[in-house]
$ cat my_file_27.txt   # compact mmCIF, C-alpha atoms
# COMPACT_ATOMS: atom_id res chain seq x y z
CA MET I 1 5.96 -5.67 -25.63
CA THR I 2 6.91 -4.85 -22.04
CA PHE I 3 4.68 -5.70 -19.10
CA GLN I 4 4.50 -3.84 -15.83
CA VAL I 5 2.99 -5.28 -12.67
CA THR I 6 1.84 -2.70 -10.14
CA PRO I 7 0.38 -3.51 -6.73
CA PHE I 8 -2.91 -1.66 -6.23
CA ILE I 9 -4.28 -1.20 -2.73
CA MET I 10 -8.02 -0.45 -2.51
CA LEU I 11 -9.21 1.03 0.78
CA ASN I 12 -12.52 2.22 2.14
CA GLY I 13 -12.18 5.94 2.79
CA ASN I 14 -8.74 6.05 4.41
CA ALA I 15 -6.44 6.05 1.35
CA LYS I 16 -5.03 9.51 2.18
CA GLU I 17 -4.10 8.32 5.67
CA ALA I 18 -2.48 5.18 4.20
CA ILE I 19 -0.43 7.30 1.79
CA GLN I 20 0.90 9.42 4.65
CA PHE I 21 1.80 6.23 6.51
CA TYR I 22 3.62 4.79 3.45
CA GLU I 23 5.50 8.05 2.93
CA ILE I 24 6.94 7.67 6.43
CA SER I 25 7.34 3.90 6.70
CA LEU I 26 8.44 3.12 3.12
CA GLY I 27 9.90 6.44 1.96
CA ALA I 28 7.21 6.63 -0.73
CA LYS I 29 6.94 9.75 -2.89
CA VAL I 30 3.50 10.83 -4.10
CA VAL I 31 3.61 11.57 -7.84
CA PHE I 32 -0.15 11.81 -8.55
CA THR I 33 -3.47 12.01 -6.71
CA GLN I 34 -7.04 12.63 -7.83
CA THR I 35 -10.20 12.62 -5.73
CA PHE I 36 -13.58 11.45 -6.96
CA GLY I 37 -14.65 15.10 -6.84
CA GLU I 38 -11.80 16.13 -9.18
CA ALA I 39 -12.67 13.47 -11.77
CA PRO I 40 -15.05 14.20 -14.64
CA GLU I 41 -18.67 13.78 -13.53
CA ASP I 42 -20.43 10.61 -14.73
CA PRO I 43 -24.20 11.22 -14.85
CA GLU I 44 -24.75 7.43 -14.70
CA GLN I 45 -22.84 7.22 -11.39
CA PRO I 46 -22.94 10.58 -9.61
CA VAL I 47 -20.57 10.92 -6.67
CA PRO I 48 -22.33 11.81 -3.40
CA ASN I 49 -21.09 15.12 -1.95
CA GLU I 50 -19.77 13.39 1.18
CA ALA I 51 -17.57 11.13 -0.98
CA LYS I 52 -16.04 13.72 -3.30
CA ASP I 53 -12.93 13.94 -1.08
CA ARG I 54 -12.26 10.20 -1.31
CA LEU I 55 -9.20 9.27 -3.35
CA ALA I 56 -10.05 7.90 -6.81
CA HIS I 57 -6.44 7.20 -7.75
CA SER I 58 -2.88 7.84 -6.64
CA VAL I 59 0.57 6.83 -7.75
CA LEU I 60 3.39 6.48 -5.24
CA LYS I 61 7.04 5.86 -6.07
CA ILE I 62 8.97 3.52 -3.80
CA GLY I 63 12.48 3.31 -5.14
CA ASP I 64 12.10 2.60 -8.85
CA PHE I 65 8.65 1.05 -8.51
CA ASP I 66 5.06 2.27 -8.48
CA LEU I 67 2.34 1.57 -5.94
CA PHE I 68 -1.27 2.58 -6.59
CA VAL I 69 -3.56 3.43 -3.67
CA ALA I 70 -7.21 4.47 -3.88
CA ASP I 71 -10.53 4.35 -2.09
CA THR I 72 -13.38 2.25 -3.41
CA PHE I 73 -16.24 4.08 -5.11
CA PRO I 74 -18.87 4.93 -2.50
CA GLY I 75 -21.19 1.99 -1.91
CA LYS I 76 -18.88 -0.60 -3.51
CA PRO I 77 -17.71 -3.50 -1.31
CA ASN I 78 -14.22 -3.47 0.19
CA GLN I 79 -12.63 -6.24 2.25
CA SER I 80 -9.38 -6.31 4.17
CA GLY I 81 -7.25 -9.38 3.96
CA ASN I 82 -4.49 -10.99 2.04
CA ARG I 83 -5.80 -10.60 -1.52
CA VAL I 84 -3.01 -8.15 -2.23
CA GLN I 85 0.40 -8.78 -0.75
CA ILE I 86 3.41 -6.67 -1.46
CA CYS I 87 6.91 -8.11 -1.28
CA ILE I 88 9.59 -5.53 -0.54
CA THR I 89 13.11 -6.70 -1.34
CA THR I 90 15.94 -4.89 0.44
CA PRO I 91 19.72 -5.13 0.09
CA ASP I 92 20.47 -5.40 3.83
CA ILE I 93 19.08 -6.37 7.21
CA GLY I 94 19.15 -2.82 8.61
CA ILE I 95 16.73 -1.54 5.96
CA SER I 96 14.55 -4.62 6.40
CA ASN I 97 14.38 -4.02 10.16
CA ARG I 98 13.45 -0.35 9.72
CA ILE I 99 10.64 -1.11 7.25
CA PHE I 100 9.33 -4.09 9.24
CA ASP I 101 9.30 -2.11 12.48
CA ALA I 102 7.46 0.80 10.85
CA LEU I 103 4.82 -1.39 9.18
CA GLN I 104 3.99 -3.33 12.33
CA GLN I 105 2.97 -0.15 14.19
CA GLY I 106 -0.76 -0.64 14.72
CA GLY I 107 -0.64 -3.79 12.61
CA HIS I 108 -0.14 -7.50 13.16
CA VAL I 109 3.01 -9.58 12.74
CA ILE I 110 2.31 -12.79 10.83
CA MET I 111 5.92 -14.00 10.83
CA PRO I 112 8.63 -12.15 12.74
CA LEU I 113 11.58 -10.86 10.72
CA GLN I 114 14.08 -13.70 10.99
CA LYS I 115 16.76 -15.70 9.20
CA VAL I 116 15.30 -18.38 6.94
CA HIS I 117 16.88 -20.73 4.40
CA PHE I 118 16.30 -18.30 1.51
CA SER I 119 17.01 -14.97 3.23
CA PRO I 120 19.06 -13.57 6.13
CA ALA I 121 15.97 -11.60 7.23
CA TYR I 122 12.44 -12.42 6.07
CA GLY I 123 9.11 -11.68 7.70
CA MET I 124 5.46 -10.96 7.06
CA VAL I 125 3.35 -8.23 8.60
CA THR I 126 -0.15 -6.92 8.02
CA ASP I 127 -0.23 -3.16 8.51
CA LYS I 128 -2.96 -1.16 10.25
CA PHE I 129 -4.81 -0.84 6.91
CA GLY I 130 -5.08 -4.62 6.40
CA VAL I 131 -2.36 -4.80 3.72
CA THR I 132 0.08 -7.71 4.05
CA PHE I 133 3.75 -7.06 3.33
CA GLN I 134 6.51 -9.61 2.91
CA ILE I 135 9.93 -8.19 3.76
CA PHE I 136 12.68 -10.09 1.94
CA THR I 137 16.37 -9.36 2.45
CA GLN I 138 18.73 -10.39 -0.34
CA ARG I 139 21.70 -12.56 0.59

$ encode --input "my_file_27.txt" --output "structure tokens"
Amino acid sequence: MTFQVTPFIMLNGNAKEAIQFYEISLGAKVVFTQTFGEAPEDPEQPVPNEAKDRLAHSVLKIGDFDLFVADTFPGKPNQSGNRVQICITTPDIGISNRIFDALQQGGHVIMPLQKVHFSPAYGMVTDKFGVTFQIFTQR
């Protein structure tokens, strides 16, 4: 049996904006999206009209890997923070610099991209959506 681990980012109404940002900053390709309004109606949990445009699920491809991004169901709690961190491993410092620079726009640098004992360029940044990324450059 094969296991797959997929980072899943849950946002509070701005998932579409985050996807556009990740398309630019990470070169992500959108392979699937569905809004709450496009999903089958659940009479037990009807979706308010103002929330039907929120993103219920999406799949992005970044290289060979998947990233899921969605909005929380209306009225459900959502907190920013470091509960989900995504480590992006790159083959060279130039790519690491480009990604790190893009992600810090409107965000917050936790650890500048720098040489450390385990990587020629490693850093941590929380983007403008509250998602923390670790950028790791292979030796």

$ residues_around --input "my_file_27.txt" --residues "Asn14 in chain I" --least-positions-apart "3" --cutoff "9 Å" --atoms "all atoms listed in the file" --output "list in words"
Leu11, Glu17, Ala18, Ile19, Arg54, Leu55, Ala70, Asp71 and Phe129 of chain I

$ atom_distance --input "my_file_27.txt" --atom1 "CA of Glu50 in chain I" --atom2 "CA of Pro74 in chain I"
9.3 Å

$ closest_residue --input "my_file_27.txt" --among "I:Gly37, I:Pro43, I:Gly106, I:Pro112" --to "Val131 in chain I" --atoms "only C-alpha atoms"
I:Gly106

$ closest_residue --input "my_file_27.txt" --among "I:Phe133, I:Pro77, I:Gln138, I:Ser58" --to "Asn12 in chain I" --atoms "all atoms listed in the file"
I:Pro77

$ residues_near_point --input "my_file_27.txt" --point "(6.2, -7.1, -0.2)" --cutoff "12 Å" --atoms "all atoms listed in the file" --output "PDB file with C-alpha atoms, keeping the file's coordinate frame"
ATOM      1  CA  THR I   6       1.840  -2.700 -10.140  1.00  0.00           C
ATOM      2  CA  PRO I   7       0.380  -3.510  -6.730  1.00  0.00           C
ATOM      3  CA  LEU I  26       8.440   3.120   3.120  1.00  0.00           C
ATOM      4  CA  ILE I  62       8.970   3.520  -3.800  1.00  0.00           C
ATOM      5  CA  PHE I  65       8.650   1.050  -8.510  1.00  0.00           C
ATOM      6  CA  LEU I  67       2.340   1.570  -5.940  1.00  0.00           C
ATOM      7  CA  ASN I  82      -4.490 -10.990   2.040  1.00  0.00           C
ATOM      8  CA  VAL I  84      -3.010  -8.150  -2.230  1.00  0.00           C
ATOM      9  CA  GLN I  85       0.400  -8.780  -0.750  1.00  0.00           C
ATOM     10  CA  ILE I  86       3.410  -6.670  -1.460  1.00  0.00           C
ATOM     11  CA  CYS I  87       6.910  -8.110  -1.280  1.00  0.00           C
ATOM     12  CA  ILE I  88       9.590  -5.530  -0.540  1.00  0.00           C
ATOM     13  CA  THR I  89      13.110  -6.700  -1.340  1.00  0.00           C
ATOM     14  CA  THR I  90      15.940  -4.890   0.440  1.00  0.00           C
ATOM     15  CA  SER I  96      14.550  -4.620   6.400  1.00  0.00           C
ATOM     16  CA  ILE I  99      10.640  -1.110   7.250  1.00  0.00           C
ATOM     17  CA  PHE I 100       9.330  -4.090   9.240  1.00  0.00           C
ATOM     18  CA  LEU I 103       4.820  -1.390   9.180  1.00  0.00           C
ATOM     19  CA  TYR I 122      12.440 -12.420   6.070  1.00  0.00           C
ATOM     20  CA  GLY I 123       9.110 -11.680   7.700  1.00  0.00           C
ATOM     21  CA  MET I 124       5.460 -10.960   7.060  1.00  0.00           C
ATOM     22  CA  VAL I 125       3.350  -8.230   8.600  1.00  0.00           C
ATOM     23  CA  THR I 126      -0.150  -6.920   8.020  1.00  0.00           C
ATOM     24  CA  ASP I 127      -0.230  -3.160   8.510  1.00  0.00           C
ATOM     25  CA  VAL I 131      -2.360  -4.800   3.720  1.00  0.00           C
ATOM     26  CA  THR I 132       0.080  -7.710   4.050  1.00  0.00           C
ATOM     27  CA  PHE I 133       3.750  -7.060   3.330  1.00  0.00           C
ATOM     28  CA  GLN I 134       6.510  -9.610   2.910  1.00  0.00           C
ATOM     29  CA  ILE I 135       9.930  -8.190   3.760  1.00  0.00           C
ATOM     30  CA  PHE I 136      12.680 -10.090   1.940  1.00  0.00           C
ATOM     31  CA  THR I 137      16.370  -9.360   2.450  1.00  0.00           C
TER      32      THR I 137
END

$ atom_distance --input "my_file_27.txt" --atom1 "CA of Lys115 in chain I" --atom2 "CA of Ser25 in chain I"
21.9 Å

$ residues_around --input "my_file_27.txt" --residues "Val47 in chain I" --least-positions-apart "5" --cutoff "9 Å" --atoms "only C-alpha atoms" --output "list of chain:residue names"
I:Phe36, I:Gly37, I:Glu41, I:Asp42, I:Lys52, I:Phe73, I:Pro74

$ closest_residue --input "my_file_27.txt" --among "I:Val116, I:Ala121, I:Met111, I:Gln79" --to "Gly94 in chain I" --atoms "only C-alpha atoms"
I:Ala121

$ closest_residue --input "my_file_27.txt" --among "I:Lys29, I:Asp92, I:Gln114, I:Gln104" --to "Arg139 in chain I" --atoms "all atoms listed in the file"
I:Asp92

$ atom_distance --input "my_file_27.txt" --atom1 "CA of Gly75 in chain I" --atom2 "CA of Gln105 in chain I"
29.1 Å

$ axis_aligned_box --input "my_file_27.txt" --around "range 110-126 of chain I" --padding-each-side "3 Å" --output "JSON"
{"center_x": 9.5, "center_y": -13.8, "center_z": 7.1, "size_x": 25.2, "size_y": 19.8, "size_z": 17.2}
